[in-house]
>>> print(open('data36.csv').read())   # CSV, C-alpha atoms
chain,number,residue,atom,x,y,z
A,20,MET,CA,0.0,0.0,0.0
A,21,LEU,CA,1.1,3.5,-0.8
A,22,ASN,CA,2.2,5.7,2.1
A,23,PRO,CA,1.0,9.1,0.8
A,24,SER,CA,3.4,11.2,2.8
A,25,ASN,CA,6.5,9.5,1.6
A,26,ASP,CA,5.7,8.2,-1.9
A,27,LEU,CA,3.7,11.0,-3.4
A,28,LEU,CA,4.5,14.5,-4.5
A,29,VAL,CA,1.7,17.0,-5.3
A,30,CYS,CA,2.2,19.9,-7.6
A,31,ARG,CA,1.7,23.2,-5.9
A,32,ASP,CA,0.5,24.9,-9.0
A,33,CYS,CA,-2.1,22.4,-10.4
A,34,ASP,CA,-2.6,19.7,-7.7
A,35,THR,CA,-1.5,16.8,-9.9
A,36,VAL,CA,-0.2,13.8,-8.0
A,37,HIS,CA,3.2,12.4,-8.9
A,38,ARG,CA,5.1,9.4,-7.6
A,39,GLN,CA,8.4,10.4,-6.0
A,40,VAL,CA,11.5,9.6,-8.1
A,41,SER,CA,15.1,9.9,-7.0
A,42,LEU,CA,16.9,12.5,-9.0
A,43,ALA,CA,20.4,12.2,-10.4
A,44,LYS,CA,23.0,14.9,-10.2
A,45,ASP,CA,21.7,18.3,-11.3
A,46,GLU,CA,18.4,16.9,-12.4
A,47,VAL,CA,15.1,18.7,-11.8
A,48,ALA,CA,11.6,17.2,-11.7
A,49,ARG,CA,8.8,19.1,-13.4
A,50,CYS,CA,5.1,18.6,-13.2
A,51,VAL,CA,3.8,16.6,-16.2
A,52,ARG,CA,0.7,18.7,-16.4
A,53,CYS,CA,1.8,22.3,-15.8
A,54,GLU,CA,5.6,22.1,-15.9
A,55,ALA,CA,6.0,23.7,-12.5
A,56,LEU,CA,9.2,22.8,-10.6
A,57,LEU,CA,8.5,19.8,-8.3
A,58,ALA,CA,11.9,18.9,-7.0
A,59,ARG,CA,15.5,19.7,-7.6
A,60,HIS,CA,18.6,17.7,-6.9
A,61,HIS,CA,21.4,19.3,-5.1
A,62,ARG,CA,24.7,17.9,-4.0
A,63,LEU,CA,25.5,20.1,-1.1
A,64,SER,CA,26.3,18.4,2.2
A,65,ILE,CA,25.3,19.8,5.6
A,66,ASP,CA,28.9,21.0,6.0
A,67,GLN,CA,28.8,22.9,2.7
A,68,LEU,CA,25.4,24.4,3.4
A,69,LEU,CA,26.6,25.5,6.8
A,70,ALA,CA,29.8,27.0,5.2
A,71,LEU,CA,27.7,28.9,2.7
A,72,THR,CA,25.4,30.2,5.4
A,73,VAL,CA,28.3,31.3,7.6
A,74,ALA,CA,29.8,33.1,4.6
A,75,ALA,CA,26.4,34.8,4.0
A,76,ALA,CA,26.3,35.9,7.6
A,77,VAL,CA,29.9,37.4,7.4
A,78,LEU,CA,29.0,39.2,4.1
A,79,PHE,CA,25.8,40.5,5.6
A,80,LEU,CA,27.8,42.0,8.5
A,81,ILE,CA,30.3,43.5,6.1
A,82,ALA,CA,27.6,44.9,3.9
A,83,ASN,CA,26.1,46.6,6.9
A,84,MET,CA,29.3,47.9,8.6
A,85,THR,CA,31.0,49.3,5.5
A,86,PRO,CA,29.6,51.9,3.0
A,87,VAL,CA,27.8,50.5,0.0
A,88,LEU,CA,28.2,53.8,-1.9
A,89,GLY,CA,29.8,57.1,-1.1
A,90,ILE,CA,29.7,60.5,-2.9
A,91,GLU,CA,32.0,63.5,-2.8
A,92,LEU,CA,30.9,67.0,-3.5
A,93,GLY,CA,32.8,70.2,-2.7
A,94,GLY,CA,35.2,68.5,-0.4
A,95,MET,CA,32.4,66.8,1.6
A,96,ARG,CA,31.6,63.2,1.6
A,97,THR,CA,28.5,61.1,2.4
A,98,GLU,CA,28.2,57.4,2.6
A,99,VAL,CA,25.2,55.0,2.7
A,100,ASN,CA,24.4,51.4,3.4
A,101,ILE,CA,21.2,49.3,3.6
A,102,TRP,CA,20.2,50.7,7.0
A,103,THR,CA,20.9,54.4,6.4
A,104,ALA,CA,19.2,54.1,3.0
A,105,ALA,CA,16.0,53.0,4.7
A,106,ALA,CA,16.5,55.5,7.5
A,107,SER,CA,16.7,58.4,5.1
A,108,MET,CA,13.0,58.1,4.5
A,109,LYS,CA,11.9,57.8,8.2
A,110,TYR,CA,10.4,61.3,8.5
A,111,GLY,CA,6.7,62.0,7.9
A,112,TRP,CA,4.7,59.9,5.5
A,113,SER,CA,7.6,58.3,3.7
A,114,ALA,CA,8.2,56.3,7.0
A,115,GLY,CA,5.9,53.7,5.4
A,116,ALA,CA,8.3,53.2,2.6
A,117,ALA,CA,11.2,53.2,5.0
A,118,LEU,CA,9.6,50.4,7.0
A,119,VAL,CA,8.9,48.3,3.9
A,120,LEU,CA,12.5,48.8,2.7
A,121,ALA,CA,14.0,48.0,6.2
A,122,VAL,CA,11.9,44.8,6.3
A,123,THR,CA,12.7,43.6,2.8
A,124,THR,CA,16.4,44.5,2.6
A,125,PHE,CA,17.5,44.3,6.2
A,126,PHE,CA,15.3,42.3,8.5
A,127,ALA,CA,14.2,39.6,6.1
A,128,PRO,CA,17.6,38.6,4.8
A,129,MET,CA,19.1,38.8,8.4
A,130,LEU,CA,16.4,36.5,9.8
A,131,GLN,CA,16.8,34.1,6.9
A,132,ILE,CA,20.5,33.8,7.6
A,133,ALA,CA,20.0,33.5,11.3
A,134,LEU,CA,17.3,30.8,11.0
A,135,LEU,CA,19.4,28.8,8.5
A,136,LEU,CA,22.4,29.0,10.9
A,137,TRP,CA,20.2,27.7,13.6
A,138,LEU,CA,18.9,24.7,11.5
A,139,LEU,CA,22.3,23.8,10.1
A,140,SER,CA,24.3,24.2,13.3
A,141,PHE,CA,22.1,21.7,15.1
A,142,ALA,CA,22.0,19.4,12.0
A,143,ARG,CA,25.8,19.5,11.8
A,144,ILE,CA,26.2,18.2,15.4
A,145,SER,CA,23.4,15.7,14.7
A,146,ARG,CA,21.1,17.1,17.4
A,147,ARG,CA,17.4,17.5,17.3
A,148,ILE,CA,16.7,21.1,16.1
A,149,PRO,CA,14.9,23.0,18.8
A,150,GLY,CA,11.8,24.9,17.5
A,151,SER,CA,12.4,23.5,14.0
A,152,LYS,CA,8.7,23.7,13.1
A,153,GLY,CA,8.5,27.5,13.8
A,154,VAL,CA,11.8,28.1,12.1
A,155,LEU,CA,10.8,26.3,8.9
A,156,VAL,CA,7.4,28.0,8.8
A,157,ALA,CA,9.1,31.4,9.3
A,158,LEU,CA,11.5,30.7,6.5
A,159,HIS,CA,8.6,29.8,4.2
A,160,LEU,CA,6.9,33.1,5.0
A,161,LEU,CA,10.0,35.2,4.7
A,162,ARG,CA,11.1,34.0,1.4
A,163,PRO,CA,9.0,36.2,-1.0
A,164,TRP,CA,9.9,39.3,1.1
A,165,SER,CA,13.7,39.0,1.0
A,166,MET,CA,15.0,41.5,-1.6
A,167,THR,CA,18.8,41.7,-1.4
A,168,GLU,CA,19.2,41.4,-5.1
A,169,VAL,CA,16.8,44.3,-5.7
A,170,PHE,CA,18.9,46.5,-3.4
A,171,LEU,CA,22.0,45.5,-5.3
A,172,LEU,CA,20.5,46.5,-8.6
A,173,GLY,CA,19.2,49.7,-7.1
A,174,ALA,CA,22.7,50.6,-5.9
A,175,LEU,CA,24.0,50.1,-9.4
A,176,VAL,CA,21.3,52.3,-10.8
A,177,ALA,CA,22.0,55.0,-8.2
A,178,ILE,CA,25.7,55.0,-9.3
A,179,VAL,CA,24.7,55.8,-12.9
A,180,LYS,CA,22.1,58.2,-11.8
A,181,LEU,CA,24.4,60.3,-9.6
A,182,ALA,CA,27.6,59.8,-11.6
A,183,SER,CA,26.6,62.6,-14.1
A,184,TRP,CA,26.9,65.3,-11.4
A,185,VAL,CA,28.9,64.0,-8.4
A,186,HIS,CA,31.8,61.7,-7.9
A,187,VAL,CA,30.5,58.3,-6.8
A,188,VAL,CA,32.7,55.9,-4.9
A,189,PRO,CA,31.5,52.2,-4.7
A,190,GLY,CA,32.3,51.0,-1.2
A,191,VAL,CA,33.4,47.6,0.1
A,192,GLY,CA,29.7,47.0,1.0
A,193,ILE,CA,28.6,46.7,-2.6
A,194,TRP,CA,31.0,43.8,-3.2
A,195,ALA,CA,29.7,42.2,0.0
A,196,LEU,CA,26.2,42.7,-1.3
A,197,ALA,CA,27.1,41.1,-4.6
A,198,GLY,CA,28.5,38.1,-2.8
A,199,LEU,CA,25.5,37.9,-0.5
A,200,THR,CA,23.1,37.9,-3.4
A,201,ILE,CA,24.9,35.0,-5.0
A,202,LEU,CA,25.0,33.0,-1.7
A,203,LEU,CA,21.3,33.7,-0.9
A,204,THR,CA,20.4,32.6,-4.4
A,205,ILE,CA,22.3,29.3,-4.1
A,206,LEU,CA,20.7,28.7,-0.7
A,207,SER,CA,17.2,29.5,-2.0
A,208,THR,CA,17.5,26.8,-4.6
A,209,ILE,CA,17.4,24.2,-1.9
A,210,GLU,CA,13.8,23.1,-1.9
A,211,PRO,CA,11.6,23.3,1.3
A,212,ARG,CA,11.2,19.6,1.4
A,213,PHE,CA,14.9,19.1,2.1
A,214,TRP,CA,14.7,21.3,5.2
A,215,TRP,CA,11.6,19.6,6.5
A,216,LEU,CA,13.3,16.2,6.1
A,217,LEU,CA,16.4,17.5,7.7
A,218,ALA,CA,14.4,18.5,10.8
A,219,GLU,CA,12.6,15.1,10.9
A,220,ARG,CA,15.9,13.2,10.6
A,221,PRO,CA,16.3,10.7,13.5
A,222,THR,CA,19.0,11.8,15.9
A,223,PRO,CA,21.2,9.5,17.9
B,2,MET,CA,-3.6,13.4,-20.1
B,3,THR,CA,-6.0,10.7,-18.9
B,4,ASP,CA,-3.3,9.1,-16.7
B,5,LEU,CA,-2.8,12.3,-14.6
B,6,VAL,CA,-4.7,12.3,-11.4
B,7,ARG,CA,-5.2,15.3,-9.1
B,8,ALA,CA,-5.0,15.2,-5.3
B,9,ALA,CA,-8.7,15.5,-4.8
B,10,ALA,CA,-9.4,12.4,-7.0
B,11,VAL,CA,-7.2,10.1,-5.0
B,12,GLY,CA,-8.2,11.3,-1.5
B,13,VAL,CA,-5.1,13.1,-0.6
B,14,ILE,CA,-4.3,16.7,0.2
B,15,ALA,CA,-0.9,18.5,0.1
B,16,CYS,CA,0.1,21.0,2.7
B,17,ARG,CA,0.5,24.5,1.3
B,18,THR,CA,3.4,25.3,3.7
B,19,CYS,CA,5.5,22.2,3.9
B,20,GLY,CA,4.2,20.1,1.0
B,21,LEU,CA,3.5,17.0,3.1
B,22,VAL,CA,0.8,14.8,1.5
B,23,SER,CA,-1.9,13.7,3.9
B,24,SER,CA,-5.1,11.7,3.6
B,25,ARG,CA,-8.1,13.8,2.7
B,26,ALA,CA,-10.1,12.6,5.6
B,27,LEU,CA,-8.1,14.9,7.9
B,28,ALA,CA,-9.0,18.0,5.9
B,29,GLN,CA,-12.7,17.4,6.1
B,30,HIS,CA,-12.4,18.0,9.9
B,31,ARG,CA,-10.3,21.1,9.4
B,32,GLU,CA,-7.4,19.2,10.7
B,33,ARG,CA,-3.9,20.5,10.7
B,34,CYS,CA,-0.9,19.2,8.9
B,35,THR,CA,0.9,16.7,11.1
B,36,ARG,CA,4.3,18.0,10.1
B,37,CYS,CA,4.0,21.8,10.2
B,38,GLY,CA,0.6,22.6,11.8
B,39,THR,CA,-0.9,24.5,8.9
B,40,VAL,CA,-4.7,24.0,8.5
B,41,LEU,CA,-5.2,21.7,5.6
B,42,ARG,CA,-7.4,23.1,2.8
B,43,SER,CA,-7.8,21.8,-0.7
B,44,ARG,CA,-7.9,25.4,-2.1
B,45,LEU,CA,-7.0,28.7,-0.6
B,46,PRO,CA,-10.2,30.1,0.9
B,47,GLN,CA,-12.0,32.8,-1.1
B,48,SER,CA,-9.0,33.0,-3.4
B,49,THR,CA,-10.6,34.9,-6.3
B,50,GLN,CA,-12.3,37.4,-4.0
B,51,ASN,CA,-9.1,38.1,-2.0
B,52,THR,CA,-7.0,38.5,-5.2
B,53,LEU,CA,-9.6,40.8,-6.7
B,54,ALA,CA,-9.7,43.0,-3.5
B,55,TRP,CA,-5.9,43.3,-3.3
B,56,LEU,CA,-5.7,43.9,-7.0
B,57,VAL,CA,-8.3,46.7,-6.9
B,58,ALA,CA,-6.5,48.2,-3.9
B,59,GLY,CA,-3.2,48.1,-5.9
B,60,LEU,CA,-4.9,49.7,-8.9
B,61,ILE,CA,-6.3,52.6,-6.8
B,62,LEU,CA,-2.9,53.2,-5.2
B,63,TYR,CA,-1.2,53.0,-8.6
B,64,VAL,CA,-2.8,56.4,-9.5
B,65,PRO,CA,-1.2,58.6,-6.8
B,66,ALA,CA,2.0,56.5,-7.1
B,67,ASN,CA,2.4,57.8,-10.7
B,68,VAL,CA,0.8,61.3,-10.3
B,69,LEU,CA,2.5,62.4,-7.1
B,70,PRO,CA,6.2,63.2,-7.0
B,71,VAL,CA,8.5,60.5,-5.6
B,72,MET,CA,11.5,62.7,-5.0
B,73,TYR,CA,12.5,66.3,-4.5
B,74,THR,CA,16.0,67.3,-5.5
B,75,SER,CA,17.7,70.7,-5.1
B,76,GLY,CA,21.1,71.8,-6.1
B,77,VAL,CA,23.1,74.5,-7.8
B,78,GLY,CA,20.9,74.1,-10.8
B,79,GLY,CA,17.7,74.8,-8.9
B,80,ALA,CA,15.1,72.6,-7.2
B,81,GLN,CA,12.6,70.2,-8.7
B,82,GLU,CA,10.2,67.4,-7.9
B,83,SER,CA,10.2,64.3,-10.0
B,84,THR,CA,7.6,61.6,-10.6
B,85,ILE,CA,8.4,58.0,-11.6
B,86,LEU,CA,7.8,58.8,-15.3
B,87,SER,CA,9.6,62.1,-15.3
B,88,GLY,CA,12.6,60.3,-13.7
B,89,VAL,CA,12.6,57.8,-16.6
B,90,VAL,CA,12.3,60.7,-19.1
B,91,SER,CA,15.3,62.6,-17.6
B,92,PHE,CA,17.5,59.4,-17.8
B,93,TRP,CA,16.4,59.1,-21.4
B,94,ARG,CA,17.3,62.7,-22.2
B,95,ALA,CA,20.6,62.4,-20.4
B,96,GLY,CA,21.5,59.7,-22.8
B,97,SER,CA,21.3,56.8,-20.3
B,98,TRP,CA,18.6,54.9,-22.4
B,99,ASP,CA,19.6,51.6,-20.7
B,100,ILE,CA,18.9,52.9,-17.2
B,101,ALA,CA,15.7,54.6,-18.4
B,102,LEU,CA,14.6,51.3,-19.9
B,103,LEU,CA,15.5,49.4,-16.7
B,104,ILE,CA,13.5,51.8,-14.4
B,105,PHE,CA,10.6,51.9,-16.9
B,106,VAL,CA,10.4,48.1,-16.9
B,107,ALA,CA,10.7,47.7,-13.1
B,108,SER,CA,8.4,50.7,-12.2
B,109,VAL,CA,5.9,50.9,-15.0
B,110,ALA,CA,5.8,47.8,-17.1
B,111,VAL,CA,6.0,45.2,-14.2
B,112,PRO,CA,3.1,46.7,-12.2
B,113,ALA,CA,1.0,47.1,-15.4
B,114,THR,CA,1.8,43.6,-16.4
B,115,LYS,CA,0.8,42.3,-13.0
B,116,PHE,CA,-2.6,44.1,-13.2
B,117,LEU,CA,-3.3,42.8,-16.7
B,118,ALA,CA,-2.0,39.2,-16.0
B,119,LEU,CA,-3.8,38.8,-12.6
B,120,GLY,CA,-6.9,40.4,-14.1
B,121,LEU,CA,-6.9,37.9,-17.0
B,122,LEU,CA,-6.3,35.0,-14.7
B,123,LEU,CA,-9.1,36.0,-12.4
B,124,TRP,CA,-11.5,36.5,-15.3
B,125,THR,CA,-10.7,33.2,-17.0
B,126,VAL,CA,-10.9,31.3,-13.7
B,127,ARG,CA,-14.3,32.8,-12.7
B,128,ARG,CA,-15.7,32.2,-16.2
B,129,ARG,CA,-14.2,28.7,-16.1
B,130,ARG,CA,-12.5,29.2,-19.4
B,131,GLN,CA,-11.0,26.2,-21.0
B,132,TRP,CA,-8.3,27.6,-23.3
B,133,GLY,CA,-4.6,28.1,-22.7
B,134,ARG,CA,-4.2,26.4,-19.4
B,135,GLU,CA,-0.5,25.8,-19.8
B,136,PRO,CA,0.3,29.4,-20.9
B,137,ARG,CA,-1.9,30.7,-18.0
B,138,ALA,CA,0.0,28.5,-15.5
B,139,LYS,CA,3.2,30.0,-16.9
B,140,LEU,CA,1.8,33.5,-16.8
B,141,TYR,CA,1.0,33.0,-13.1
B,142,ARG,CA,4.6,31.9,-12.4
B,143,MET,CA,5.9,34.9,-14.2
B,144,VAL,CA,3.8,37.3,-12.2
B,145,GLU,CA,5.1,35.6,-9.0
B,146,PHE,CA,8.7,35.9,-10.2
B,147,ILE,CA,8.7,39.5,-11.4
B,148,GLY,CA,6.6,41.0,-8.6
B,149,TYR,CA,9.3,42.2,-6.2
B,150,TRP,CA,11.6,43.8,-8.8
B,151,SER,CA,9.3,46.9,-8.7
B,152,MET,CA,10.9,47.8,-5.4
B,153,LEU,CA,13.9,48.9,-7.5
B,154,ASP,CA,12.7,52.6,-7.7
B,155,VAL,CA,12.1,52.7,-3.9
B,156,VAL,CA,15.7,51.6,-3.4
B,157,VAL,CA,17.0,54.2,-5.8
B,158,VAL,CA,15.1,57.0,-4.2
B,159,ALA,CA,16.2,55.9,-0.7
B,160,LEU,CA,19.9,55.7,-1.7
B,161,THR,CA,19.8,59.1,-3.5
B,162,SER,CA,18.1,60.8,-0.6
B,163,ALA,CA,20.5,59.3,1.9
B,164,LEU,CA,23.6,60.3,-0.2
B,165,LEU,CA,22.6,63.8,-1.4
B,166,GLN,CA,22.8,65.7,1.9
B,167,PHE,CA,25.0,68.7,1.1
B,168,LYS,CA,22.7,71.6,2.1
B,169,ALA,CA,23.2,74.3,-0.5
B,170,LEU,CA,25.2,72.2,-2.9
B,171,GLY,CA,22.7,69.4,-3.3
B,172,THR,CA,20.0,67.6,-1.4
B,173,ALA,CA,17.4,65.0,-2.2
B,174,GLU,CA,14.3,63.9,-0.2
B,175,ALA,CA,11.7,61.2,-0.7
B,176,ARG,CA,8.2,62.5,-1.5
B,177,LEU,CA,4.7,61.0,-0.8
B,178,GLY,CA,4.5,59.3,-4.2
B,179,ILE,CA,7.1,56.7,-3.1
B,180,VAL,CA,4.9,55.6,-0.2
B,181,PHE,CA,2.0,54.9,-2.6
B,182,PHE,CA,4.4,53.2,-5.0
B,183,CYS,CA,5.7,51.0,-2.2
B,184,ALA,CA,2.1,50.2,-1.3
B,185,VAL,CA,1.4,49.2,-4.9
B,186,VAL,CA,4.3,46.7,-4.8
B,187,VAL,CA,3.1,45.2,-1.5
B,188,THR,CA,-0.6,45.0,-2.4
B,189,THR,CA,0.1,43.4,-5.8
B,190,MET,CA,2.5,40.9,-4.2
B,191,ILE,CA,-0.2,39.9,-1.8
B,192,ALA,CA,-2.7,39.8,-4.7
B,193,ALA,CA,-0.4,37.3,-6.5
B,194,MET,CA,0.0,35.2,-3.3
B,195,SER,CA,-3.8,35.2,-2.7
B,196,PHE,CA,-4.4,33.7,-6.1
B,197,ASP,CA,-4.6,29.9,-6.1
B,198,PRO,CA,-3.1,28.7,-9.4
B,199,ARG,CA,-4.8,25.3,-9.0
B,200,LEU,CA,-8.0,27.1,-9.9
B,201,ILE,CA,-6.8,27.4,-13.5
B,202,TRP,CA,-7.0,23.6,-13.8
B,203,ASP,CA,-10.2,23.2,-11.7
B,204,ALA,CA,-12.3,25.0,-14.3
B,205,THR,CA,-11.6,22.3,-16.9
B,206,VAL,CA,-10.4,19.1,-15.3
B,207,ALA,CA,-13.2,16.7,-14.4
B,208,ASP,CA,-11.5,15.3,-11.2
B,209,ALA,CA,-11.6,18.7,-9.5
B,210,ARG,CA,-13.7,19.0,-6.4
>>> encode(input="data36.csv", output="structure tokens")
Amino acid sequence: MLNPSNDLLVCRDCDTVHRQVSLAKDEVARCVRCEALLARHHRLSIDQLLALTVAAAVLFLIANMTPVLGIELGGMRTEVNIWTAAASMKYGWSAGAALVLAVTTFFAPMLQIALLLWLLSFARISRRIPGSKGVLVALHLLRPWSMTEVFLLGALVAIVKLASWVHVVPGVGIWALAGLTILLTILSTIEPRFWWLLAERPTP
Amino acid sequence: MTDLVRAAAVGVIACRTCGLVSSRALAQHRERCTRCGTVLRSRLPQSTQNTLAWLVAGLILYVPANVLPVMYTSGVGGAQESTILSGVVSFWRAGSWDIALLIFVASVAVPATKFLALGLLLWTVRRRRQWGREPRAKLYRMVEFIGYWSMLDVVVVALTSALLQFKALGTAEARLGIVFFCAVVVTTMIAAMSFDPRLIWDATVADAR
């Protein structure tokens, strides 16, 4: 008899039932009805995932402690990073936009990294992951609201925009943001099912 | 496609949060997913109504977002307020057609595409239209994918107003339009999330509940 929870995979986009298959290296499984992505094989071990997440945490710190962009005008200099960009709109009505920007480019990526660190650290030492259910639901909810890549592109646009009348200096932070974007993109290709199975793994 | 079965037909239900497949008997008693605790439902409740409501809200906000200025700049050359479109035009005139195009796509074309695409999906689902199910499924995934890139202009305005703080030489400040624009991005993202893409197939497939 089929055990629905382990043998079946249901397409999120059209509800078609598929039997689980094991994927070879770099293979992806797509829905036969609507072609939505069902599963993706990845070859990253817990150690490698943890290393990527630690690297992301370090880059996030660098991106927030060094200037992303700086400009010089008449001997004066101003610098900006994710936090000060959002904070520049904190007065009056534009505070609404400041809040959305702070959530999507600061808090969401920060929480994602912190939650992944939590999951992977406990998985690494083969312990039961405390609060794994809440952590995984939170990661699921955060995912669409994390916009590091949009901030990076915005910084590039701002360079071009300002370059015509002031001297723009890209800071260390913009390189950190570029690295962070790559790492978060790699980590987001790991499908949710992997994380849920990781949390359910029997521990010694 | 006769060999394809859908969850409802074989008495199972997939959790929307974690993907765990459970027996349908659980869902009839509004039970929760045994793995993650999410209430099991075969379709998102009132999906088309919610999507329509968020979409209309987004459309209303889209008007002030485009009419009101999003940024105020002052410098040696004088002071001016710019809207999203006038920002695109000034990039174009300055010769940066590539940046003009990028901002036009992210700030004007993407939101407009979202309104049209979600509007079309809602209309076809409510009318139970049979045509083009695969393209419509792809259209939905595209809307989901492009949605958040509209935040680009908000980032640019924030960076510019944080950097240009030179008193008489040059300052920049965000204006009310950017709040409305931000609200358009958020409401249309929620509209896309409220839409249940499984409805596209329900209209036509016999095994739908």
>>> interface_residues(input="data36.csv", of="chain A", to="chain B", cutoff="7 Å", atoms="all atoms listed in the file", output="MDAnalysis selection string")
chainID A and resid 23:24 27 29 32:36 53 90 97:99 103:105 107:108 112:113 115:116 152 159 169:170 173:174 176:177 211:212
>>> atom_distance(input="data36.csv", atom1="atom CA of B:Gly120", atom2="atom CA of A:Arg31")
20.9 Å
>>> residues_around(input="data36.csv", residues="A:Arg162", least_positions_apart="2", cutoff="9 Å", atoms="only C-alpha atoms", output="JSON, numbers by chain")
{"A": [127, 128, 131, 157, 158, 159, 160, 164, 165, 166, 207]}
>>> write_last_selection(input="data36.csv", atoms="C-alpha atoms", output="mmCIF file, keeping the file's coordinate frame")
data_model
loop_
_atom_site.group_PDB
_atom_site.id
_atom_site.type_symbol
_atom_site.label_atom_id
_atom_site.label_comp_id
_atom_site.auth_asym_id
_atom_site.auth_seq_id
_atom_site.Cartn_x
_atom_site.Cartn_y
_atom_site.Cartn_z
ATOM 1 C CA ALA A 127 14.200 39.600 6.100
ATOM 2 C CA PRO A 128 17.600 38.600 4.800
ATOM 3 C CA GLN A 131 16.800 34.100 6.900
ATOM 4 C CA ALA A 157 9.100 31.400 9.300
ATOM 5 C CA LEU A 158 11.500 30.700 6.500
ATOM 6 C CA HIS A 159 8.600 29.800 4.200
ATOM 7 C CA LEU A 160 6.900 33.100 5.000
ATOM 8 C CA TRP A 164 9.900 39.300 1.100
ATOM 9 C CA SER A 165 13.700 39.000 1.000
ATOM 10 C CA MET A 166 15.000 41.500 -1.600
ATOM 11 C CA SER A 207 17.200 29.500 -2.000
#
>>> residues_around(input="data36.csv", residues="A:Leu134", least_positions_apart="5", cutoff="10 Å", atoms="all atoms listed in the file", output="number ranges by chain")
A: 72, 128-129, 139-140, 151, 153-155, 157-158
>>> write_last_selection(input="data36.csv", atoms="C-alpha atoms", output="compact mmCIF listing (two decimals), keeping the file's coordinate frame")
# COMPACT_ATOMS: atom_id res chain seq x y z
CA THR A 72 25.40 30.20 5.40
CA PRO A 128 17.60 38.60 4.80
CA MET A 129 19.10 38.80 8.40
CA LEU A 139 22.30 23.80 10.10
CA SER A 140 24.30 24.20 13.30
CA SER A 151 12.40 23.50 14.00
CA GLY A 153 8.50 27.50 13.80
CA VAL A 154 11.80 28.10 12.10
CA LEU A 155 10.80 26.30 8.90
CA ALA A 157 9.10 31.40 9.30
CA LEU A 158 11.50 30.70 6.50
>>> residues_around(input="data36.csv", residues="A:Val188", least_positions_apart="4", cutoff="9 Å", atoms="all atoms listed in the file", output="MDAnalysis selection string")
chainID A and resid 87:91 98 178
>>> closest_residue(input="data36.csv", among="B:Met143, B:Thr172, B:Pro112, B:Leu123", to="B:Asn51", atoms="all atoms listed in the file")
B:Leu123
>>> atom_distance(input="data36.csv", atom1="atom CA of A:Ile144", atom2="atom CA of A:Leu130")
21.5 Å
>>> closest_residue(input="data36.csv", among="A:Val122, A:Trp137, A:Leu80, A:Leu71", to="A:Gly192", atoms="all atoms listed in the file")
A:Leu80
>>> closest_residue(input="data36.csv", among="B:Ile85, B:Val185, B:Ala110, B:Ala26", to="B:Val68", atoms="only C-alpha atoms")
B:Ile85
